[in-house]
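With TSV, C-alpha atoms and all ligand atoms inside, this is upload05.tsv:
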chain	number	residue	atom	x	y	z
A	1	MET	CA	-88.11	-12.82	-179.11
A	2	ILE	CA	-86.58	-12.67	-175.63
A	3	ASN	CA	-88.54	-11.08	-172.77
A	4	LYS	CA	-86.68	-10.56	-169.49
A	5	THR	CA	-87.52	-8.81	-166.25
A	6	ILE	CA	-84.53	-8.28	-163.97
A	7	PHE	CA	-84.62	-6.83	-160.47
A	8	ILE	CA	-81.48	-5.31	-158.96
A	9	SER	CA	-81.54	-4.98	-155.19
A	10	GLY	CA	-79.26	-4.83	-152.18
A	11	THR	CA	-78.33	-2.75	-149.16
A	12	PRO	CA	-78.01	1.03	-149.79
A	13	CYS	CA	-74.75	2.01	-151.56
A	14	THR	CA	-74.00	-1.42	-153.02
A	15	GLY	CA	-74.20	0.12	-156.50
A	16	LYS	CA	-77.76	-0.63	-157.62
A	17	THR	CA	-78.40	2.72	-159.31
A	18	THR	CA	-74.95	2.87	-160.93
A	19	ILE	CA	-75.12	-0.65	-162.34
A	20	SER	CA	-78.76	-0.42	-163.45
A	21	GLN	CA	-78.01	2.74	-165.42
A	22	LEU	CA	-75.02	1.05	-167.10
A	23	LEU	CA	-77.19	-1.95	-167.92
A	24	PHE	CA	-79.90	0.29	-169.35
A	25	ASP	CA	-77.37	2.27	-171.42
A	26	LYS	CA	-75.81	-0.90	-172.80
A	27	PHE	CA	-79.08	-2.43	-173.96
A	28	ASN	CA	-80.47	0.91	-175.11
A	29	LEU	CA	-77.71	1.06	-177.71
A	30	LYS	CA	-78.68	-2.29	-179.17
A	31	GLU	CA	-80.90	-2.03	-182.21
A	32	LYS	CA	-82.74	-5.27	-181.46
A	33	TRP	CA	-83.54	-4.49	-177.81
A	34	TYR	CA	-86.26	-2.43	-176.22
A	35	VAL	CA	-85.30	-1.58	-172.63
A	36	LYS	CA	-86.87	0.25	-169.73
A	37	LEU	CA	-85.49	1.11	-166.28
A	38	ILE	CA	-87.89	1.61	-163.37
A	39	LYS	CA	-86.61	2.84	-160.00
A	40	THR	CA	-88.53	1.78	-156.90
A	41	ASN	CA	-88.16	5.15	-155.20
A	42	GLU	CA	-89.36	7.13	-158.22
A	43	LEU	CA	-92.30	4.78	-158.75
A	44	ALA	CA	-93.26	5.09	-155.06
A	45	PHE	CA	-92.98	8.87	-154.88
A	46	GLU	CA	-94.57	9.63	-158.25
A	47	ASN	CA	-97.59	7.49	-157.36
A	48	ASP	CA	-97.71	8.63	-153.75
A	49	LEU	CA	-97.29	5.09	-152.42
A	50	ILE	CA	-96.03	6.32	-149.06
A	51	LEU	CA	-97.69	5.07	-145.89
A	52	GLY	CA	-95.94	7.54	-143.59
A	53	THR	CA	-92.59	8.46	-142.10
A	54	ASP	CA	-90.65	6.45	-139.55
A	55	SER	CA	-89.95	9.33	-137.20
A	56	GLN	CA	-87.17	7.53	-135.32
A	57	LYS	CA	-85.27	6.47	-138.39
A	58	ASN	CA	-86.42	9.41	-140.51
A	59	TYR	CA	-87.32	7.53	-143.66
A	60	LYS	CA	-90.46	7.15	-145.71
A	61	ILE	CA	-92.40	3.91	-145.38
A	62	VAL	CA	-93.37	2.62	-148.81
A	63	ASP	CA	-96.60	0.72	-149.38
A	64	ILE	CA	-95.08	-2.46	-150.82
A	65	GLU	CA	-98.38	-3.96	-151.92
A	66	SER	CA	-99.21	-0.86	-153.96
A	67	LEU	CA	-95.64	-0.70	-155.26
A	68	ASP	CA	-96.04	-4.25	-156.52
A	69	ILE	CA	-99.30	-3.38	-158.27
A	70	ALA	CA	-97.86	-0.19	-159.80
A	71	PHE	CA	-94.76	-2.01	-161.01
A	72	ASN	CA	-96.70	-4.87	-162.56
A	73	SER	CA	-99.04	-2.53	-164.35
A	74	GLN	CA	-95.98	-0.76	-165.89
A	75	LYS	CA	-94.55	-4.18	-166.65
A	76	ASP	CA	-97.69	-5.24	-168.54
A	77	GLU	CA	-97.65	-1.97	-170.50
A	78	PHE	CA	-94.00	-2.48	-171.41
A	79	PHE	CA	-94.39	-6.04	-172.63
A	80	ASP	CA	-97.62	-5.20	-174.50
A	81	VAL	CA	-95.69	-2.96	-176.88
A	82	ASN	CA	-95.58	-4.72	-180.19
A	83	ASN	CA	-92.29	-3.71	-181.79
A	84	ASN	CA	-90.63	-6.99	-182.76
A	85	LYS	CA	-87.75	-6.40	-180.40
A	86	ASN	CA	-86.28	-8.34	-177.52
A	87	LYS	CA	-87.37	-6.70	-174.29
A	88	LEU	CA	-85.50	-6.06	-171.07
A	89	LEU	CA	-87.24	-4.51	-168.08
A	90	ILE	CA	-84.99	-3.48	-165.18
A	91	PHE	CA	-86.50	-2.74	-161.75
A	92	GLU	CA	-83.97	-1.21	-159.40
A	93	GLY	CA	-84.02	-0.43	-155.70
A	94	HIS	CA	-83.73	-1.96	-152.26
A	95	LEU	CA	-87.47	-2.75	-152.16
A	96	SER	CA	-87.67	-4.32	-155.61
A	97	HIS	CA	-87.16	-7.87	-154.36
A	98	PHE	CA	-90.40	-7.64	-152.34
A	99	CYS	CA	-92.35	-7.23	-155.57
A	100	SER	CA	-93.48	-9.95	-157.94
A	101	GLY	CA	-92.76	-10.42	-161.61
A	102	ALA	CA	-89.00	-10.94	-161.88
A	103	ASP	CA	-87.33	-13.58	-164.00
A	104	LYS	CA	-84.20	-12.97	-161.94
A	105	VAL	CA	-83.43	-11.01	-158.81
A	106	ILE	CA	-79.81	-9.93	-158.49
A	107	ILE	CA	-78.63	-8.87	-155.05
A	108	LEU	CA	-75.46	-6.78	-155.05
A	109	ARG	CA	-73.20	-7.47	-152.05
A	110	VAL	CA	-70.37	-5.28	-150.76
A	111	HIS	CA	-68.19	-6.13	-147.79
A	112	PRO	CA	-69.27	-4.01	-144.78
A	113	ASP	CA	-65.77	-2.52	-144.37
A	114	LYS	CA	-66.06	-1.03	-147.84
A	115	LEU	CA	-69.74	-0.22	-147.59
A	116	LYS	CA	-69.03	1.83	-144.46
A	117	SER	CA	-67.10	4.53	-146.31
A	118	ARG	CA	-69.74	4.73	-149.05
A	119	LEU	CA	-72.50	5.15	-146.47
A	120	ARG	CA	-70.43	7.79	-144.68
A	121	ASP	CA	-69.92	9.64	-147.96
A	122	ARG	CA	-73.69	9.71	-148.31
A	123	ASN	CA	-73.90	11.41	-144.93
A	124	TYR	CA	-76.06	8.81	-143.25
A	125	ILE	CA	-76.23	9.19	-139.46
A	126	SER	CA	-74.15	6.62	-137.57
A	127	SER	CA	-77.11	4.56	-136.34
A	128	LYS	CA	-78.33	4.24	-139.94
A	129	ILE	CA	-74.82	3.30	-141.08
A	130	ASN	CA	-74.57	0.57	-138.42
A	131	GLU	CA	-78.02	-0.74	-139.24
A	132	ASN	CA	-77.14	-1.04	-142.91
A	133	LEU	CA	-73.75	-2.61	-142.21
A	134	SER	CA	-75.19	-5.32	-140.01
A	135	ALA	CA	-77.99	-5.91	-142.54
A	136	GLU	CA	-75.33	-6.39	-145.21
A	137	ALA	CA	-73.22	-8.69	-143.01
A	138	LEU	CA	-76.30	-10.75	-142.19
A	139	ALA	CA	-77.31	-10.93	-145.87
A	140	VAL	CA	-80.79	-9.57	-145.13
A	141	CYS	CA	-81.67	-8.67	-148.74
A	142	SER	CA	-80.36	-12.02	-150.03
A	143	VAL	CA	-82.43	-13.96	-147.52
A	144	GLU	CA	-85.54	-11.90	-148.30
A	145	ALA	CA	-85.04	-12.39	-152.05
A	146	TYR	CA	-84.51	-16.12	-151.58
A	147	GLU	CA	-87.66	-16.38	-149.49
A	148	LYS	CA	-89.70	-14.85	-152.30
A	149	TYR	CA	-87.85	-16.09	-155.37
A	150	GLY	CA	-85.89	-19.23	-154.45
A	151	ASP	CA	-83.42	-20.15	-157.17
A	152	LYS	CA	-84.44	-17.18	-159.30
A	153	ALA	CA	-82.57	-15.04	-156.76
A	154	CYS	CA	-78.81	-14.71	-156.92
A	155	GLU	CA	-76.13	-12.61	-155.25
A	156	LEU	CA	-72.95	-11.07	-156.54
A	157	ASP	CA	-70.02	-10.02	-154.38
A	158	VAL	CA	-69.04	-6.78	-156.11
A	159	THR	CA	-66.68	-5.55	-153.38
A	160	ASP	CA	-63.58	-5.53	-155.58
A	161	LYS	CA	-65.23	-5.22	-158.96
A	162	SER	CA	-65.42	-2.18	-161.17
A	163	PRO	CA	-68.89	-1.14	-162.39
A	164	GLU	CA	-67.92	-2.46	-165.85
A	165	ASP	CA	-66.97	-5.87	-164.38
A	166	VAL	CA	-70.29	-5.99	-162.55
A	167	LEU	CA	-72.12	-5.04	-165.74
A	168	ASN	CA	-70.45	-7.90	-167.65
A	169	LEU	CA	-71.33	-10.40	-164.94
A	170	ILE	CA	-74.94	-9.25	-164.89
A	171	CYS	CA	-75.17	-9.65	-168.66
A	172	LYS	CA	-73.96	-13.25	-168.23
A	173	ILE	CA	-76.53	-13.85	-165.49
A	174	ILE	CA	-79.28	-12.46	-167.73
A	175	CYS	CA	-78.22	-14.88	-170.50
A	176	ASP	CA	-78.16	-17.79	-168.01
A	177	ASP	CA	-74.44	-18.33	-168.73
A	178	VAL	CA	-73.45	-18.25	-165.06
A	179	SER	CA	-75.22	-18.73	-161.76
A	180	TYR	CA	-74.45	-17.15	-158.43
A	181	PRO	CA	-76.75	-18.88	-155.94
A	182	ILE	CA	-77.72	-17.21	-152.70
A	183	GLY	CA	-75.61	-18.36	-149.77
A	184	GLU	CA	-72.12	-18.18	-151.20
A	185	VAL	CA	-71.28	-14.65	-150.13
A	186	ASP	CA	-70.36	-14.71	-146.47
A	187	PHE	CA	-69.58	-11.52	-144.53
A	188	ILE	CA	-70.59	-12.94	-141.18
A	189	GLU	CA	-67.04	-12.61	-139.74
A	190	TRP	CA	-67.66	-8.87	-139.80
A	191	ILE	CA	-70.40	-9.32	-137.19
A	192	LEU	CA	-68.11	-11.44	-135.05
A	193	LYS	CA	-65.25	-8.92	-135.37
A	194	ASN	CA	-67.45	-5.99	-134.49
A	195	ASP	CA	-69.10	-5.45	-131.17
A	196	THR	CA	-72.67	-6.23	-132.15
A	197	ALA	CA	-73.86	-5.06	-128.74
A	198	LYS	CA	-73.54	-1.49	-129.99
A	199	PHE	CA	-76.21	-2.18	-132.59
B	201	LIG	N1	-68.52	-1.28	-158.55
B	201	LIG	C1	-68.28	-0.11	-157.96
B	201	LIG	N2	-67.01	0.22	-157.65
B	201	LIG	C2	-66.76	1.39	-157.02
B	201	LIG	N3	-67.68	2.30	-156.65
B	201	LIG	C3	-68.95	2.02	-156.95
B	201	LIG	C4	-69.33	0.80	-157.60
B	201	LIG	N4	-70.67	0.80	-157.75
B	201	LIG	C5	-71.11	1.95	-157.19
B	201	LIG	N5	-70.08	2.70	-156.73
B	201	LIG	C6	-70.18	3.98	-156.01
B	201	LIG	O1	-70.83	3.71	-154.77
B	201	LIG	C7	-71.73	4.77	-154.43
B	201	LIG	C8	-73.13	4.19	-154.26
B	201	LIG	O2	-73.58	3.72	-155.54
B	201	LIG	P1	-75.13	3.73	-155.92
B	201	LIG	O3	-75.21	3.19	-157.31
B	201	LIG	O4	-75.74	5.06	-155.69
B	201	LIG	O5	-75.68	2.68	-154.86
B	201	LIG	P2	-77.19	2.31	-154.46
B	201	LIG	O6	-78.07	2.72	-155.62
B	201	LIG	O7	-77.15	0.84	-154.24
B	201	LIG	O8	-77.49	3.05	-153.20
B	201	LIG	C9	-71.61	5.79	-155.56
B	201	LIG	O9	-70.71	6.79	-155.15
B	201	LIG	C10	-71.06	5.00	-156.73
B	201	LIG	O10	-70.33	5.79	-157.59
B	202	MG	MG	-79.80	4.02	-155.54
Once more with this new file: its structure as structure tokens, please.
Amino acid sequence: MINKTIFISGTPCTGKTTISQLLFDKFNLKEKWYVKLIKTNELAFENDLILGTDSQKNYKIVDIESLDIAFNSQKDEFFDVNNNKNKLLIFEGHLSHFCSGADKVIILRVHPDKLKSRLRDRNYISSKINENLSAEALAVCSVEAYEKYGDKACELDVTDKSPEDVLNLICKIICDDVSYPIGEVDFIEWILKNDTAKF
């Protein structure tokens, strides 16, 4: 039997929720697979794992240590089920890569020029948009994932890929057919092109 735990992380609006749902749906249709999708935000809010609110940036501060514990307890429950099926556990969200227990951490990357319009569509305030764009250009999530997971972390440039293309690539990553090591996606020219002083 195959047991896999996959984390999907990245800057807001890189497609984590979209792709994770597609991945869940695909494996949920397979007779031989038992699949579960856990979302970091839902896990944090349902278990009240909030330390407070960052009043300047207006977002909730999640207790990562407790998130890690809550996730791993759900993970244990999931893999304890004795149903003779292959198991796939998906943990999705921009804080997932801070938690332990992944076999692979996949960071979705989108070029900042494209990410900008998605963040605008989500009605983020401009300071939040700029913060996320520079985080994406500087590969913050990739570096964080690499620091915790080393070679188990990988990154996919999905800028020009349809959700279905991304889904197919992720399935190949899960099966160890392809590897996309951290460090190959480079959006740093965006920082140089843009006046970083305004950040
Ligand atoms: N591969 C893709 N190609 C085009 N649009 C996408 C793709 N993936 C996601 N989107 C769109 O980008 C927006 C953000 O996607 P979402 O999955 O909510 O991102 P996240 O969960 O990372 O914040 C949504 O409007 C979604 O439909
Ligand atoms: Mg999301």
Once you count only C-alpha atoms and all ligand atoms, what closest atom pair and distance in Å to one decimal does each residue of chain A within 9 Å of ligand MG 202 (chain B) have, with rows by chain and rising residue number, as a tab-separated table?
residue	atom	partner	partner_atom	distance
A:Pro12	CA	B:MG202	MG	6.7
A:Cys13	CA	B:MG202	MG	6.7
A:Thr14	CA	B:MG202	MG	8.3
A:Gly15	CA	B:MG202	MG	6.9
A:Lys16	CA	B:MG202	MG	5.5
A:Thr17	CA	B:MG202	MG	4.2
A:Thr18	CA	B:MG202	MG	7.3
A:Lys39	CA	B:MG202	MG	8.2
A:Asn41	CA	B:MG202	MG	8.4
A:Glu92	CA	B:MG202	MG	7.7
A:Gly93	CA	B:MG202	MG	6.1
A:His94	CA	B:MG202	MG	7.9
Which protein, DNA or RNA residues have an atom within 12 Å of ligand LIG 201 (chain B), counting all atoms listed in the file, as a PDB file with C-alpha atoms, in the coordinates of the input?
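Result file follows (out_6.pdb):
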ATOM      1  CA  ILE A   8     -81.480  -5.310-158.960  1.00  0.00           C
ATOM      2  CA  SER A   9     -81.540  -4.980-155.190  1.00  0.00           C
ATOM      3  CA  GLY A  10     -79.260  -4.830-152.180  1.00  0.00           C
ATOM      4  CA  THR A  11     -78.330  -2.750-149.160  1.00  0.00           C
ATOM      5  CA  PRO A  12     -78.010   1.030-149.790  1.00  0.00           C
ATOM      6  CA  CYS A  13     -74.750   2.010-151.560  1.00  0.00           C
ATOM      7  CA  THR A  14     -74.000  -1.420-153.020  1.00  0.00           C
ATOM      8  CA  GLY A  15     -74.200   0.120-156.500  1.00  0.00           C
ATOM      9  CA  LYS A  16     -77.760  -0.630-157.620  1.00  0.00           C
ATOM     10  CA  THR A  17     -78.400   2.720-159.310  1.00  0.00           C
ATOM     11  CA  THR A  18     -74.950   2.870-160.930  1.00  0.00           C
ATOM     12  CA  ILE A  19     -75.120  -0.650-162.340  1.00  0.00           C
ATOM     13  CA  SER A  20     -78.760  -0.420-163.450  1.00  0.00           C
ATOM     14  CA  GLN A  21     -78.010   2.740-165.420  1.00  0.00           C
ATOM     15  CA  LEU A  22     -75.020   1.050-167.100  1.00  0.00           C
ATOM     16  CA  LEU A  23     -77.190  -1.950-167.920  1.00  0.00           C
ATOM     17  CA  LYS A  39     -86.610   2.840-160.000  1.00  0.00           C
ATOM     18  CA  THR A  40     -88.530   1.780-156.900  1.00  0.00           C
ATOM     19  CA  ASN A  41     -88.160   5.150-155.200  1.00  0.00           C
ATOM     20  CA  PHE A  91     -86.500  -2.740-161.750  1.00  0.00           C
ATOM     21  CA  GLU A  92     -83.970  -1.210-159.400  1.00  0.00           C
ATOM     22  CA  GLY A  93     -84.020  -0.430-155.700  1.00  0.00           C
ATOM     23  CA  HIS A  94     -83.730  -1.960-152.260  1.00  0.00           C
ATOM     24  CA  LEU A  95     -87.470  -2.750-152.160  1.00  0.00           C
ATOM     25  CA  SER A  96     -87.670  -4.320-155.610  1.00  0.00           C
ATOM     26  CA  ILE A 106     -79.810  -9.930-158.490  1.00  0.00           C
ATOM     27  CA  ILE A 107     -78.630  -8.870-155.050  1.00  0.00           C
ATOM     28  CA  LEU A 108     -75.460  -6.780-155.050  1.00  0.00           C
ATOM     29  CA  ARG A 109     -73.200  -7.470-152.050  1.00  0.00           C
ATOM     30  CA  VAL A 110     -70.370  -5.280-150.760  1.00  0.00           C
ATOM     31  CA  HIS A 111     -68.190  -6.130-147.790  1.00  0.00           C
ATOM     32  CA  LYS A 114     -66.060  -1.030-147.840  1.00  0.00           C
ATOM     33  CA  LEU A 115     -69.740  -0.220-147.590  1.00  0.00           C
ATOM     34  CA  LYS A 116     -69.030   1.830-144.460  1.00  0.00           C
ATOM     35  CA  SER A 117     -67.100   4.530-146.310  1.00  0.00           C
ATOM     36  CA  ARG A 118     -69.740   4.730-149.050  1.00  0.00           C
ATOM     37  CA  LEU A 119     -72.500   5.150-146.470  1.00  0.00           C
ATOM     38  CA  ARG A 120     -70.430   7.790-144.680  1.00  0.00           C
ATOM     39  CA  ASP A 121     -69.920   9.640-147.960  1.00  0.00           C
ATOM     40  CA  ARG A 122     -73.690   9.710-148.310  1.00  0.00           C
ATOM     41  CA  ASN A 123     -73.900  11.410-144.930  1.00  0.00           C
ATOM     42  CA  TYR A 124     -76.060   8.810-143.250  1.00  0.00           C
ATOM     43  CA  ASN A 132     -77.140  -1.040-142.910  1.00  0.00           C
ATOM     44  CA  GLU A 136     -75.330  -6.390-145.210  1.00  0.00           C
ATOM     45  CA  CYS A 141     -81.670  -8.670-148.740  1.00  0.00           C
ATOM     46  CA  LEU A 156     -72.950 -11.070-156.540  1.00  0.00           C
ATOM     47  CA  ASP A 157     -70.020 -10.020-154.380  1.00  0.00           C
ATOM     48  CA  VAL A 158     -69.040  -6.780-156.110  1.00  0.00           C
ATOM     49  CA  THR A 159     -66.680  -5.550-153.380  1.00  0.00           C
ATOM     50  CA  ASP A 160     -63.580  -5.530-155.580  1.00  0.00           C
ATOM     51  CA  LYS A 161     -65.230  -5.220-158.960  1.00  0.00           C
ATOM     52  CA  SER A 162     -65.420  -2.180-161.170  1.00  0.00           C
ATOM     53  CA  PRO A 163     -68.890  -1.140-162.390  1.00  0.00           C
ATOM     54  CA  GLU A 164     -67.920  -2.460-165.850  1.00  0.00           C
ATOM     55  CA  ASP A 165     -66.970  -5.870-164.380  1.00  0.00           C
ATOM     56  CA  VAL A 166     -70.290  -5.990-162.550  1.00  0.00           C
ATOM     57  CA  LEU A 167     -72.120  -5.040-165.740  1.00  0.00           C
ATOM     58  CA  ASN A 168     -70.450  -7.900-167.650  1.00  0.00           C
ATOM     59  CA  LEU A 169     -71.330 -10.400-164.940  1.00  0.00           C
TER      60      LEU A 169
END
Selection near segment 184-196 of chain A, 7 Å with only C-alpha atoms, sequence-local residues under 3 positions removed, as number ranges by chain: A: 111, 134, 137-138, 157, 181, 199
Calculate how many Å separate atom CA of Asp103 of chain A from atom CA of Thr5 of chain A, rounding to one decimal. 5.3 Å
Write out as a Markdown table the residues of segment 110-141 of chain A that have any atom within 10 Å of an atom of segment 54-75 of chain A, one row each with the nearest atom pair and its distance in Å to one decimal, counting only C-alpha atoms, sorted by chain and then rising number.
| residue | atom | partner | partner_atom | distance |
| --- | --- | --- | --- | --- |
| A:Ile125 | CA | A:Lys57 | CA | 9.5 |
| A:Ser127 | CA | A:Lys57 | CA | 8.6 |
| A:Lys128 | CA | A:Lys57 | CA | 7.5 |
Please list, as a VMD selection string, the residues that have an atom at most 6 Å away from (-84.6, -12.7, -158.4) in the coordinates of this file, counting all atoms listed in the file. chain A and resid 102 104 to 106 149 152 to 153
Could you work out an axis-aligned box for segment 14-21 of chain A, taking every atom the file lists and adding 5 Å on each side, and report centre and edge lengths in Å to one decimal, as lines of an AutoDock Vina configuration file?
center_x = -76.4
center_y = 0.7
center_z = -159.2
size_x = 14.8
size_y = 14.3
size_z = 22.4
Could you tell me how far atom CA of Asn47 of chain A lies from atom CA of Asp25 of chain A, in Å and to one decimal?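 Computed distance, atom CA of Asn47 of chain A to atom CA of Asp25 of chain A, equals 25.2 Å.
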A:Val140, A:Cys171, A:Tyr34, A:Val178: which is nearest Val81 of chain A, counting only C-alpha atoms?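 So, comparing all the options, the nearest one is A:Tyr34.
Coordinates place atom CA of Leu37 of chain A at a distance of 22.7 Å from atom CA of Tyr180 of chain A.
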Within 9 Å of Asn86 of chain A, counting only C-alpha atoms, which residues qualify if same-chain residues fewer than 2 places away don't, as a ChimeraX atom specification? /A:1-4,32-35,83-84,88
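Using only C-alpha atoms, the shortest contact distance between Phe27 of chain A and any of A:Lys87, A:Phe79, A:Ile129, A:Tyr146 is found at A:Lys87.
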Of the listed residues A:Ile90, A:Cys99, A:Ala44, A:Ala139, that which approaches Pro112 of chain A most closely, counting all atoms listed in the file: A:Ala139
Determine the nearest neighbour of Phe98 of chain A from the options A:Cys154, A:Val143, A:Leu49, A:Ala135, counting all atoms listed in the file.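 Among the listed residues, the smallest separation from Phe98 of chain A belongs to A:Val143.
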